[in-house]
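Below is the file work29.tsv, which contains TSV, C-alpha atoms.
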```tsv
chain	number	residue	atom	x	y	z
A	13	MET	CA	-19.29	10.49	0.06
A	14	ASN	CA	-17.76	13.98	0.39
A	15	ARG	CA	-14.44	13.25	-1.30
A	16	GLY	CA	-12.86	16.58	-0.42
A	17	ALA	CA	-13.68	16.10	3.26
A	18	VAL	CA	-12.35	12.54	3.16
A	19	LEU	CA	-9.08	13.81	1.67
A	20	TRP	CA	-8.48	16.41	4.37
A	21	VAL	CA	-9.55	14.19	7.27
A	22	THR	CA	-7.24	11.51	5.87
A	23	LEU	CA	-4.39	14.01	5.90
A	24	ALA	CA	-5.24	14.96	9.49
A	25	VAL	CA	-5.16	11.33	10.63
A	26	PHE	CA	-2.01	10.78	8.54
A	27	ALA	CA	-0.28	13.65	10.36
A	28	GLN	CA	-1.20	12.26	13.76
A	29	GLU	CA	-0.28	8.66	13.04
A	30	ALA	CA	3.09	9.58	11.50
A	31	VAL	CA	4.25	10.65	14.93
A	32	TRP	CA	2.81	7.59	16.68
A	33	ASN	CA	4.40	5.15	14.24
A	34	PHE	CA	7.83	6.66	14.70
A	35	TYR	CA	7.29	6.70	18.47
A	36	ASP	CA	6.44	2.98	18.47
A	37	ALA	CA	9.40	2.16	16.23
A	38	GLN	CA	12.17	4.05	18.04
A	39	VAL	CA	11.27	4.71	21.68
A	40	PRO	CA	11.65	1.00	22.65
A	41	GLU	CA	15.24	1.10	21.41
A	42	GLN	CA	15.75	4.33	23.38
A	43	LEU	CA	14.54	2.51	26.51
A	44	ARG	CA	17.02	-0.32	25.89
A	45	HIS	CA	19.77	2.05	27.03
A	46	TYR	CA	18.33	1.68	30.54
A	47	PHE	CA	16.53	-1.70	30.57
A	48	THR	CA	17.49	-5.17	29.35
A	49	SER	CA	14.11	-6.80	30.04
A	50	ALA	CA	11.76	-6.97	27.08
A	51	GLY	CA	8.87	-7.25	29.53
A	52	VAL	CA	9.75	-3.93	31.20
A	53	ILE	CA	10.17	-2.20	27.84
A	54	GLY	CA	6.84	-3.61	26.67
A	55	LEU	CA	5.17	-2.50	29.90
A	56	ILE	CA	6.41	1.08	29.50
A	57	MET	CA	5.40	1.17	25.84
A	58	GLY	CA	1.99	-0.14	26.80
A	59	LEU	CA	1.36	2.13	29.76
A	60	ASP	CA	1.61	5.27	27.64
A	61	HIS	CA	-1.51	4.13	25.78
A	62	SER	CA	-3.45	3.85	29.03
A	63	TRP	CA	-3.75	7.64	29.14
A	64	GLY	CA	-6.38	7.42	26.43
A	65	ILE	CA	-8.57	5.31	28.68
A	66	ILE	CA	-8.63	8.13	31.23
A	67	THR	CA	-8.86	11.19	28.99
A	68	GLN	CA	-10.66	10.25	25.79
A	69	PRO	CA	-14.22	9.70	27.10
A	70	SER	CA	-14.33	13.24	28.49
A	71	VAL	CA	-12.50	14.81	25.53
A	72	GLY	CA	-14.66	12.87	23.06
A	73	PHE	CA	-17.85	13.97	24.84
A	74	LEU	CA	-16.63	17.58	24.76
A	75	SER	CA	-15.91	17.27	21.03
A	76	ASP	CA	-19.49	16.01	20.49
A	77	LYS	CA	-20.74	19.22	22.08
A	78	LEU	CA	-18.51	21.30	19.78
A	79	ALA	CA	-19.15	19.31	16.59
A	80	ARG	CA	-21.92	21.55	15.18
A	81	ARG	CA	-20.48	24.85	16.33
A	82	ARG	CA	-18.50	27.17	14.10
A	83	ALA	CA	-15.05	25.65	14.66
A	84	GLY	CA	-16.23	22.10	15.30
A	85	ARG	CA	-13.79	19.63	16.86
A	86	TRP	CA	-10.77	21.29	15.26
A	87	PRO	CA	-9.55	23.43	18.21
A	88	ILE	CA	-9.04	20.29	20.31
A	89	VAL	CA	-6.98	18.69	17.52
A	90	LEU	CA	-4.83	21.73	16.71
A	91	VAL	CA	-4.02	22.72	20.30
A	92	GLY	CA	-3.32	19.11	21.27
A	93	ALA	CA	-0.93	18.62	18.35
A	94	ALA	CA	1.05	21.75	19.20
A	95	LEU	CA	1.41	20.76	22.86
A	96	ALA	CA	2.32	17.14	22.11
A	97	SER	CA	5.12	18.12	19.72
A	98	VAL	CA	7.27	19.65	22.46
A	99	PRO	CA	7.99	16.57	24.63
A	100	PHE	CA	8.30	14.38	21.51
A	101	ILE	CA	11.10	16.50	20.04
A	102	LEU	CA	12.91	16.47	23.40
A	103	ILE	CA	13.06	12.64	23.68
A	104	PRO	CA	16.51	12.18	22.02
A	105	TRP	CA	17.92	15.13	23.98
A	106	THR	CA	17.36	13.43	27.33
A	107	THR	CA	20.44	12.15	29.15
A	108	ASN	CA	18.87	10.11	31.97
A	109	LEU	CA	15.94	7.78	32.54
A	110	PRO	CA	13.65	10.19	34.50
A	111	ALA	CA	13.91	12.81	31.77
A	112	LEU	CA	13.22	10.23	29.08
A	113	LEU	CA	10.15	8.95	30.91
A	114	VAL	CA	8.83	12.48	31.47
A	115	CYS	CA	9.09	13.27	27.76
A	116	ALA	CA	7.70	9.94	26.57
A	117	VAL	CA	4.80	9.91	29.05
A	118	GLY	CA	4.15	13.63	28.50
A	119	PHE	CA	3.82	13.12	24.76
A	120	ALA	CA	1.59	10.07	25.20
A	121	ALA	CA	-0.71	11.81	27.68
A	122	ILE	CA	-1.31	14.81	25.41
A	123	ALA	CA	-1.43	12.94	22.10
A	124	ASN	CA	-3.82	10.30	23.41
A	125	ALA	CA	-6.23	12.99	24.62
A	126	PHE	CA	-6.97	14.27	21.10
A	127	LYS	CA	-6.24	11.15	19.05
A	128	GLY	CA	-9.83	9.91	19.05
A	129	VAL	CA	-11.17	13.35	18.19
A	130	THR	CA	-9.16	13.38	14.96
A	131	GLU	CA	-10.52	9.97	14.02
A	132	THR	CA	-14.10	11.14	14.69
A	133	LEU	CA	-13.83	14.06	12.25
A	134	ILE	CA	-14.92	11.86	9.34
A	135	SER	CA	-18.35	11.32	10.95
A	136	ASP	CA	-19.01	15.07	10.76
A	137	TYR	CA	-18.57	15.26	6.98
A	138	VAL	CA	-19.62	11.83	5.64
A	139	ALA	CA	-23.03	10.13	5.80
A	140	PRO	CA	-23.27	6.80	7.71
A	141	SER	CA	-23.78	4.79	4.51
A	142	ALA	CA	-20.40	5.91	3.15
A	143	ARG	CA	-18.28	5.73	6.30
A	144	SER	CA	-16.86	2.26	5.64
A	145	ARG	CA	-15.53	3.40	2.28
A	146	ALA	CA	-14.25	6.61	3.84
A	147	GLN	CA	-12.45	4.56	6.50
A	148	GLY	CA	-10.76	2.63	3.71
A	149	PHE	CA	-9.24	5.83	2.35
A	150	ILE	CA	-8.27	6.96	5.86
A	151	LYS	CA	-6.55	3.66	6.64
A	152	ALA	CA	-4.72	3.90	3.31
A	153	GLY	CA	-3.41	7.24	4.52
A	154	VAL	CA	-2.44	5.67	7.83
A	155	SER	CA	-0.42	3.03	6.00
A	156	LEU	CA	1.57	5.82	4.37
A	157	THR	CA	2.58	6.99	7.84
A	158	ILE	CA	4.22	3.61	8.41
A	159	VAL	CA	6.10	4.15	5.16
A	160	VAL	CA	7.21	7.60	6.32
A	161	SER	CA	8.28	6.27	9.72
A	162	SER	CA	10.21	3.43	8.11
A	163	LEU	CA	11.97	5.76	5.68
A	164	ILE	CA	13.01	8.07	8.52
A	165	SER	CA	14.35	5.04	10.40
A	166	LEU	CA	16.26	3.83	7.36
A	167	PHE	CA	17.79	7.09	6.18
A	168	VAL	CA	17.92	9.50	9.14
A	169	VAL	CA	18.09	7.62	12.49
A	170	ASP	CA	21.62	6.24	12.04
A	171	ARG	CA	22.88	9.67	10.96
A	172	SER	CA	21.11	12.02	13.38
A	173	LEU	CA	18.66	10.74	16.00
A	174	ARG	CA	17.70	14.27	17.06
A	175	LEU	CA	16.81	15.29	13.51
A	176	ALA	CA	14.85	12.06	13.08
A	177	PHE	CA	12.69	12.85	16.13
A	178	ALA	CA	12.06	16.41	14.90
A	179	ILE	CA	10.70	15.42	11.47
A	180	PRO	CA	7.42	13.63	12.45
A	181	PRO	CA	6.01	16.40	14.73
A	182	LEU	CA	6.95	19.06	12.19
A	183	LEU	CA	5.13	17.06	9.52
A	184	MET	CA	2.14	16.73	11.86
A	185	LEU	CA	1.87	20.47	12.51
A	186	ILE	CA	2.18	21.39	8.83
A	187	THR	CA	-0.34	18.80	7.63
A	188	LEU	CA	-2.90	19.54	10.34
A	189	GLY	CA	-2.59	23.24	9.54
A	190	LEU	CA	-3.33	22.58	5.89
A	191	ALA	CA	-6.27	20.32	6.73
A	192	TRP	CA	-7.76	22.99	8.97
A	193	ALA	CA	-7.19	25.73	6.40
A	194	PHE	CA	-9.02	23.86	3.64
A	195	LEU	CA	-11.72	22.10	5.68
A	196	GLY	CA	-11.93	23.31	9.25
A	197	ARG	CA	-12.25	27.01	8.34
A	198	ARG	CA	-15.49	26.25	6.46
A	199	HIS	CA	-16.68	23.69	8.97
A	200	THR	CA	-20.27	24.93	9.26
A	201	ALA	CA	-20.74	24.79	5.47
A	202	ALA	CA	-19.25	21.31	5.05
A	203	VAL	CA	-20.58	19.49	8.10
A	204	MET	CA	-23.28	16.86	7.55
A	205	PRO	CA	-26.65	17.43	9.27
A	206	PHE	CA	-27.67	15.01	11.97
A	207	GLU	CA	-30.04	12.31	10.74
A	208	GLU	CA	-32.13	11.96	13.88
A	209	THR	CA	-35.57	10.38	14.26
A	210	ALA	CA	-38.48	11.27	16.47
A	211	ASP	CA	-37.85	8.37	18.81
A	212	GLU	CA	-34.16	9.21	19.19
A	213	VAL	CA	-32.51	8.57	22.54
A	214	PRO	CA	-32.52	11.67	24.80
A	215	GLU	CA	-29.42	13.74	25.32
A	216	PHE	CA	-26.79	12.20	27.60
A	217	GLY	CA	-25.61	14.36	30.46
A	218	SER	CA	-22.07	12.99	30.73
A	219	PRO	CA	-19.65	10.65	28.94
A	220	TRP	CA	-20.13	8.10	31.71
A	221	ALA	CA	-23.86	7.95	30.99
A	222	VAL	CA	-23.03	7.09	27.37
A	223	LEU	CA	-20.60	4.38	28.47
A	224	LYS	CA	-23.12	2.93	30.93
A	225	ASP	CA	-25.77	2.75	28.21
A	226	ALA	CA	-23.36	1.05	25.78
A	227	LEU	CA	-22.17	-1.58	28.27
A	228	ARG	CA	-25.48	-2.19	29.99
A	229	SER	CA	-25.34	-6.02	29.84
A	230	PRO	CA	-22.64	-8.73	29.69
A	231	SER	CA	-24.06	-9.95	26.35
A	232	SER	CA	-24.02	-6.49	24.78
A	233	PRO	CA	-22.58	-6.65	21.24
A	234	THR	CA	-20.76	-3.41	22.04
A	235	LEU	CA	-18.93	-5.09	24.91
A	236	LEU	CA	-18.10	-8.15	22.79
A	237	LEU	CA	-16.79	-5.95	20.01
A	238	MET	CA	-14.64	-4.04	22.48
A	239	ILE	CA	-13.15	-7.33	23.70
A	240	GLY	CA	-12.26	-8.25	20.12
A	241	ILE	CA	-10.71	-4.83	19.57
A	242	PHE	CA	-8.73	-5.23	22.78
A	243	CYS	CA	-7.27	-8.55	21.65
A	244	PHE	CA	-6.34	-7.62	18.09
A	245	ALA	CA	-5.03	-4.14	18.87
A	246	GLY	CA	-2.95	-5.52	21.72
A	247	MET	CA	-1.21	-8.13	19.62
A	248	TRP	CA	-0.61	-5.76	16.71
A	249	SER	CA	0.83	-3.12	19.05
A	250	ALA	CA	3.05	-5.72	20.71
A	251	LEU	CA	4.41	-6.90	17.38
A	252	ARG	CA	5.19	-3.37	16.23
A	253	SER	CA	6.66	-2.22	19.55
A	254	LEU	CA	9.08	-5.13	19.81
A	255	MET	CA	10.00	-5.44	16.12
A	256	THR	CA	13.07	-3.19	16.26
A	257	PRO	CA	14.64	-5.01	19.25
A	258	TYR	CA	13.78	-8.33	17.57
A	259	GLY	CA	15.58	-7.23	14.43
A	260	THR	CA	18.71	-6.26	16.34
A	261	GLN	CA	18.73	-9.28	18.68
A	262	VAL	CA	17.70	-12.14	16.36
A	263	LEU	CA	18.46	-10.93	12.85
A	264	GLY	CA	21.65	-9.00	13.64
A	265	LEU	CA	20.46	-5.81	11.93
A	266	SER	CA	21.40	-2.25	12.83
A	267	ARG	CA	18.86	-0.12	14.67
A	268	GLY	CA	17.91	1.76	11.53
A	269	GLU	CA	17.62	-1.41	9.43
A	270	ALA	CA	15.48	-3.08	12.07
A	271	GLY	CA	13.22	-0.03	12.22
A	272	GLY	CA	12.58	-0.42	8.49
A	273	LEU	CA	11.34	-4.03	8.69
A	274	THR	CA	7.73	-2.81	8.67
A	275	LEU	CA	8.07	-0.88	5.41
A	276	PRO	CA	7.00	-3.70	3.00
A	277	GLY	CA	4.05	-4.49	5.26
A	278	ALA	CA	2.99	-0.85	5.09
A	279	VAL	CA	3.04	-1.00	1.29
A	280	ALA	CA	0.94	-4.18	1.36
A	281	PHE	CA	-1.51	-2.50	3.74
A	282	LEU	CA	-1.78	0.47	1.37
A	283	VAL	CA	-2.49	-1.73	-1.66
A	284	ALA	CA	-5.10	-3.88	0.08
A	285	VAL	CA	-6.99	-1.52	2.34
A	286	LEU	CA	-9.38	-0.06	-0.26
A	287	PRO	CA	-10.38	-3.45	-1.75
A	288	ILE	CA	-10.95	-4.66	1.80
A	289	ALA	CA	-13.17	-1.64	2.52
A	290	TYR	CA	-15.39	-2.38	-0.47
A	291	ALA	CA	-15.40	-6.15	0.14
A	292	SER	CA	-16.59	-5.61	3.70
A	293	ASN	CA	-19.91	-4.25	2.40
A	294	ARG	CA	-20.54	-7.52	0.55
A	295	LEU	CA	-19.12	-10.09	2.96
A	296	GLY	CA	-19.88	-8.46	6.30
A	297	ALA	CA	-17.49	-6.62	8.54
A	298	LEU	CA	-17.02	-9.29	11.18
A	299	ARG	CA	-16.49	-12.05	8.63
A	300	VAL	CA	-13.74	-9.99	7.00
A	301	VAL	CA	-12.16	-9.33	10.40
A	302	ARG	CA	-12.11	-13.09	11.14
A	303	TYR	CA	-10.38	-13.72	7.82
A	304	GLY	CA	-7.91	-11.03	8.80
A	305	VAL	CA	-7.12	-12.73	12.12
A	306	VAL	CA	-6.43	-16.00	10.27
A	307	LEU	CA	-4.10	-14.22	7.87
A	308	PHE	CA	-2.35	-12.55	10.81
A	309	ILE	CA	-1.76	-15.96	12.42
A	310	VAL	CA	-0.34	-17.33	9.18
A	311	GLY	CA	1.98	-14.34	8.97
A	312	VAL	CA	3.48	-14.67	12.44
A	313	LEU	CA	3.94	-18.42	11.92
A	314	VAL	CA	5.94	-17.64	8.79
A	315	GLY	CA	8.07	-15.25	10.86
A	316	PHE	CA	8.78	-17.97	13.40
A	317	THR	CA	9.50	-20.64	10.81
A	318	VAL	CA	11.87	-18.45	8.75
A	319	PRO	CA	13.95	-16.33	11.19
A	320	THR	CA	15.68	-14.26	8.52
A	321	ALA	CA	15.22	-10.70	7.32
A	322	ALA	CA	13.32	-11.95	4.27
A	323	GLY	CA	11.13	-14.23	6.36
A	324	THR	CA	10.39	-11.43	8.82
A	325	ILE	CA	9.44	-9.08	6.00
A	326	ALA	CA	7.08	-11.73	4.56
A	327	ALA	CA	5.59	-12.22	8.02
A	328	MET	CA	4.96	-8.49	8.43
A	329	VAL	CA	3.35	-8.29	4.98
A	330	LEU	CA	0.85	-11.04	5.84
A	331	ALA	CA	0.24	-9.69	9.34
A	332	SER	CA	-0.32	-6.18	7.94
A	333	LEU	CA	-2.90	-7.49	5.49
A	334	GLY	CA	-4.68	-9.24	8.33
A	335	TYR	CA	-4.62	-6.12	10.45
A	336	ALA	CA	-5.99	-4.06	7.55
A	337	ALA	CA	-9.19	-6.12	7.62
A	338	PHE	CA	-9.59	-5.21	11.28
A	339	ALA	CA	-8.57	-1.55	10.95
A	340	VAL	CA	-11.14	-0.75	8.28
A	341	ASN	CA	-14.12	-2.23	10.11
A	342	ALA	CA	-13.76	-1.94	13.89
A	343	LEU	CA	-14.52	1.75	14.47
A	344	VAL	CA	-17.37	1.90	11.95
A	345	ALA	CA	-18.94	-1.16	13.60
A	346	LEU	CA	-18.93	0.68	16.93
A	347	TRP	CA	-20.42	3.81	15.35
A	348	ASN	CA	-23.22	1.65	13.94
A	349	LEU	CA	-24.09	0.61	17.50
A	350	ALA	CA	-24.37	4.21	18.77
A	351	PRO	CA	-27.89	5.22	19.91
A	352	SER	CA	-27.46	8.71	18.43
A	353	GLN	CA	-25.30	10.49	15.88
A	354	LYS	CA	-24.63	13.06	18.60
A	355	VAL	CA	-22.42	10.70	20.65
A	356	LEU	CA	-20.04	9.40	17.97
A	357	GLY	CA	-17.08	11.11	19.61
A	358	THR	CA	-17.83	9.29	22.83
A	359	TYR	CA	-18.22	6.01	20.95
A	360	THR	CA	-14.84	6.63	19.40
A	361	ALA	CA	-13.65	6.80	23.00
A	362	LEU	CA	-15.06	3.28	23.47
A	363	TYR	CA	-12.84	2.16	20.63
A	364	THR	CA	-9.93	3.93	22.32
A	365	ILE	CA	-10.66	2.31	25.66
A	366	ALA	CA	-10.60	-1.13	24.06
A	367	SER	CA	-7.63	-0.54	21.75
A	368	ALA	CA	-5.61	1.45	24.29
A	369	SER	CA	-6.14	-1.23	26.92
A	370	GLY	CA	-4.87	-3.81	24.43
A	371	MET	CA	-1.95	-1.59	23.49
A	372	ALA	CA	-1.15	-1.09	27.18
A	373	LEU	CA	-1.09	-4.79	28.03
A	374	GLY	CA	-0.17	-6.40	24.71
A	375	PRO	CA	3.49	-5.33	24.53
A	376	ALA	CA	4.05	-6.26	28.16
A	377	ILE	CA	2.43	-9.68	27.72
A	378	LEU	CA	4.38	-10.50	24.57
A	379	GLY	CA	7.57	-9.07	26.07
A	380	THR	CA	7.13	-11.22	29.16
A	381	THR	CA	6.78	-14.34	27.01
A	382	VAL	CA	10.03	-13.32	25.31
A	383	ASP	CA	11.70	-13.10	28.73
A	384	LEU	CA	10.41	-16.59	29.57
A	385	THR	CA	11.50	-18.10	26.25
A	386	SER	CA	13.75	-15.93	24.07
A	387	TRP	CA	13.56	-13.37	21.27
A	388	ARG	CA	13.67	-16.28	18.82
A	389	TYR	CA	10.16	-17.38	19.93
A	390	MET	CA	8.50	-13.95	19.75
A	391	PHE	CA	6.51	-14.74	16.59
A	392	LEU	CA	5.35	-18.11	17.91
A	393	ASN	CA	4.13	-16.51	21.12
A	394	ALA	CA	2.24	-13.92	19.06
A	395	ALA	CA	0.56	-16.72	17.08
A	396	VAL	CA	-0.78	-18.29	20.28
A	397	ALA	CA	-2.22	-14.97	21.44
A	398	ALA	CA	-3.75	-14.32	18.00
A	399	GLY	CA	-5.50	-17.70	18.23
A	400	VAL	CA	-7.33	-16.42	21.30
A	401	THR	CA	-8.30	-13.33	19.27
A	402	PHE	CA	-9.83	-15.54	16.59
A	403	LEU	CA	-12.00	-17.29	19.17
A	404	VAL	CA	-13.25	-13.94	20.47
A	405	PHE	CA	-14.29	-12.72	17.02
A	406	THR	CA	-15.90	-16.06	16.23
A	407	ARG	CA	-18.09	-15.71	19.31
A	408	LEU	CA	-18.81	-12.08	18.45
A	409	ALA	CA	-19.90	-13.02	14.91
A	410	ARG	CA	-22.46	-15.41	16.35
A	411	ARG	CA	-23.93	-13.01	18.89
A	412	ALA	CA	-23.69	-9.54	17.35
A	413	SER	CA	-26.80	-7.99	15.85
A	414	ASP	CA	-27.20	-7.16	12.15
A	415	ARG	CA	-26.65	-3.53	13.03
A	416	ALA	CA	-23.16	-4.26	14.36
A	417	THR	CA	-22.17	-6.11	11.17
A	418	ALA	CA	-23.56	-3.58	8.70
```

Please render this file's structure as structure tokens.
Amino acid sequence: MNRGAVLWVTLAVFAQEAVWNFYDAQVPEQLRHYFTSAGVIGLIMGLDHSWGIITQPSVGFLSDKLARRRAGRWPIVLVGAALASVPFILIPWTTNLPALLVCAVGFAAIANAFKGVTETLISDYVAPSARSRAQGFIKAGVSLTIVVSSLISLFVVDRSLRLAFAIPPLLMLITLGLAWAFLGRRHTAAVMPFEETADEVPEFGSPWAVLKDALRSPSSPTLLLMIGIFCFAGMWSALRSLMTPYGTQVLGLSRGEAGGLTLPGAVAFLVAVLPIAYASNRLGALRVVRYGVVLFIVGVLVGFTVPTAAGTIAAMVLASLGYAAFAVNALVALWNLAPSQKVLGTYTALYTIASASGMALGPAILGTTVDLTSWRYMFLNAAVAAGVTFLVFTRLARRASDRATA
């Protein structure tokens, strides 16, 4: 495992996710100035993720073509980050709903286009046998972004909302610049050679040809894995997107305090993600994911049973540990199903299609159940949905090939 490359790719993903975590934590509360329905807020927060479904297959396929050239995938990441920062910074400056939607949707459209490319960088510098461990380090870095987002919510949001929205994109630009300076500038020297065989699948002419090959039959393990990703990512996104309104409505916390409810869970994620990455090699990726779903269900049931700040924090800790088991293994499992190392960017787009679809519908579904019941039952509703997720992964574990569970 190229440890230097893992460090800089981790920083690149960290920079990107810091912005997304703050977006998910604070934009729903911004929308509450114009909407009272949790379902509508969840729908808007979910629709921004749908942009990835449209853009990432083409952008990922383009990045595969650039991967072995002098600059690699980095130009897509750097230009995308610079463009996405502008509408993000403008969000708290908006004074009406159309302007807010333009900025929020504009950021989501640009950021989703290059998000998968950043996540694919690790496959250029790390051999397949070490990618699960590398993903553990990357997800540990991602957990730190939740810490950063929570700290900004706790200490800056209640004092200056405009300053709070300026910090994450500035951090993203600085960190991505450093990652490119130390790794991207010597891309051709650091990149791993392709490990192709004589009977390798021929070149694909378009991203849609790759997708058609991956989803060629209803029993395809790739399709089943995408369904599992859809379910888990959707419920996790829903829980995060609606946590701040839940904290203000049920727990009586301020906006900043409610935005910090995820901080202990982020710390738990950080502590557990590396042991989970190493345990997955021994137990099997899908088995670990199933254990994670069970732990997630236990967590949200604790949140429903104990509707206090302490109970909610405990719930988020358990749910974060469960999600860590999923986060470490899902993308690597899809890469293991790819017919060629030359289409990993496009296979990352498959992950995005599944996760973005879940993120698009999950908040709206959970928000609608809140409208039908009340904010008090949000955690219980999430537990029911997570039970469906467990059934999906149980079926996947029985039908997936050994290659998918490696």

Non-local contacts of Lys151 of chain A (8 Å; all atoms listed in the file; under 3 positions in same chain excluded) as an MDAnalysis selection string: chainID A and resid 22 147:148 154:155 282 285 336 339:340

Point-to-point distance from atom CA of Ile186 of chain A to atom CA of Arg81 of chain A, Å rounded to tenths: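 Separation of atom CA of Ile186 of chain A and atom CA of Arg81 of chain A: 24.1 Å.
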
Pick from A:Ile239, A:Leu109, A:Ala394, A:Ala30, whichever lies nearest to Leu43 of chain A using all atoms listed in the file: A:Leu109

One-decimal distance in Å that lies between atom CA of Val283 of chain A and atom CA of Val306 of chain A: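 That distance, rounded to one decimal, is 19.0 Å.
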
Residue nearest Phe34 of chain A among A:Ala191, A:Ala96, A:Ile179, A:Leu349 (counting only C-alpha atoms):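 Closest to Phe34 of chain A, using only C-alpha atoms: A:Ile179.
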
Nearest candidate to Ala93 of chain A (options A:Ile122, A:Val18, A:Val169, A:Leu378; using only C-alpha atoms):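 The answer is A:Ile122, which sits nearest to Ala93 of chain A.
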
Counting all atoms listed in the file, which residues of segment 255-276 of chain A fall within 10 Å of segment 157-168 of chain A, and what is the closest atom pair for each with its distance in Å at one decimal, ordered by chain and rising number, as CSV?
```
residue,atom,partner,partner_atom,distance
A:Ser266,CA,A:Leu166,CA,9.7
A:Arg267,CA,A:Ser165,CA,8.1
A:Gly268,CA,A:Leu166,CA,4.9
A:Glu269,CA,A:Leu166,CA,5.8
A:Ala270,CA,A:Ser165,CA,8.4
A:Gly271,CA,A:Ser165,CA,5.5
A:Gly272,CA,A:Ser162,CA,4.5
A:Leu273,CA,A:Ser162,CA,7.6
A:Thr274,CA,A:Ser162,CA,6.7
A:Leu275,CA,A:Val159,CA,5.4
A:Pro276,CA,A:Val159,CA,8.2
```

Taking C-alpha atoms for each residue, export the selection above as a CSV table (one decimal), keeping the file's coordinate frame.
```csv
chain,number,residue,atom,x,y,z
A,266,SER,CA,21.4,-2.2,12.8
A,267,ARG,CA,18.9,-0.1,14.7
A,268,GLY,CA,17.9,1.8,11.5
A,269,GLU,CA,17.6,-1.4,9.4
A,270,ALA,CA,15.5,-3.1,12.1
A,271,GLY,CA,13.2,0.0,12.2
A,272,GLY,CA,12.6,-0.4,8.5
A,273,LEU,CA,11.3,-4.0,8.7
A,274,THR,CA,7.7,-2.8,8.7
A,275,LEU,CA,8.1,-0.9,5.4
A,276,PRO,CA,7.0,-3.7,3.0
```

Best match for closeness to Met184 of chain A among A:Gly92, A:Ser70, A:Pro40, A:Trp347, counting all atoms listed in the file: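 Result for the nearest residue to Met184 of chain A: A:Gly92.
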
List the spatial neighbours of Ala193 of chain A as a PDB file with C-alpha atoms, keeping the file's coordinate frame - criterion: any atom at most 12 Å away, all atoms listed in the file, same-chain residues fewer than 5 positions off excluded.
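Written file, result-v9.pdb:
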```pdb
ATOM      1  CA  TRP A  20      -8.480  16.410   4.370  1.00  0.00           C
ATOM      2  CA  VAL A  21      -9.550  14.190   7.270  1.00  0.00           C
ATOM      3  CA  ALA A  24      -5.240  14.960   9.490  1.00  0.00           C
ATOM      4  CA  ALA A  83     -15.050  25.650  14.660  1.00  0.00           C
ATOM      5  CA  TRP A  86     -10.770  21.290  15.260  1.00  0.00           C
ATOM      6  CA  LEU A  90      -4.830  21.730  16.710  1.00  0.00           C
ATOM      7  CA  ILE A 186       2.180  21.390   8.830  1.00  0.00           C
ATOM      8  CA  THR A 187      -0.340  18.800   7.630  1.00  0.00           C
ATOM      9  CA  LEU A 188      -2.900  19.540  10.340  1.00  0.00           C
ATOM     10  CA  ARG A 198     -15.490  26.250   6.460  1.00  0.00           C
ATOM     11  CA  HIS A 199     -16.680  23.690   8.970  1.00  0.00           C
TER      12      HIS A 199
END
```

Which residue of A:Val138, A:Ala245, A:Ala125, A:Val39 approaches Ala368 of chain A most closely, using only C-alpha atoms: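 Result for the nearest residue to Ala368 of chain A: A:Ala245.
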
Padding 5 Å on every side, please: axis-aligned box over the listed atoms of segment 276-290 of chain A, centre and edge lengths to one decimal in Å, as lines of an AutoDock Vina configuration file.
```
center_x = -4.2
center_y = -2.1
center_z = 1.8
size_x = 32.4
size_y = 15.1
size_z = 17.0
```

Given all atoms listed in the file as the counted atoms, nearest of A:Met247, A:Val310, A:Leu356, A:Ile56 to Ala120 of chain A: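 Of A:Met247, A:Val310, A:Leu356, A:Ile56, the one nearest Ala120 of chain A, counting all atoms listed in the file, is A:Ile56.
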
Spatial neighbours of Arg15 of chain A, max dist 12 Å, all atoms listed in the file, sep filter under 6 positions, as number ranges by chain: A: 21-22, 134, 137-139, 142-143, 145-147, 149-150, 195, 202
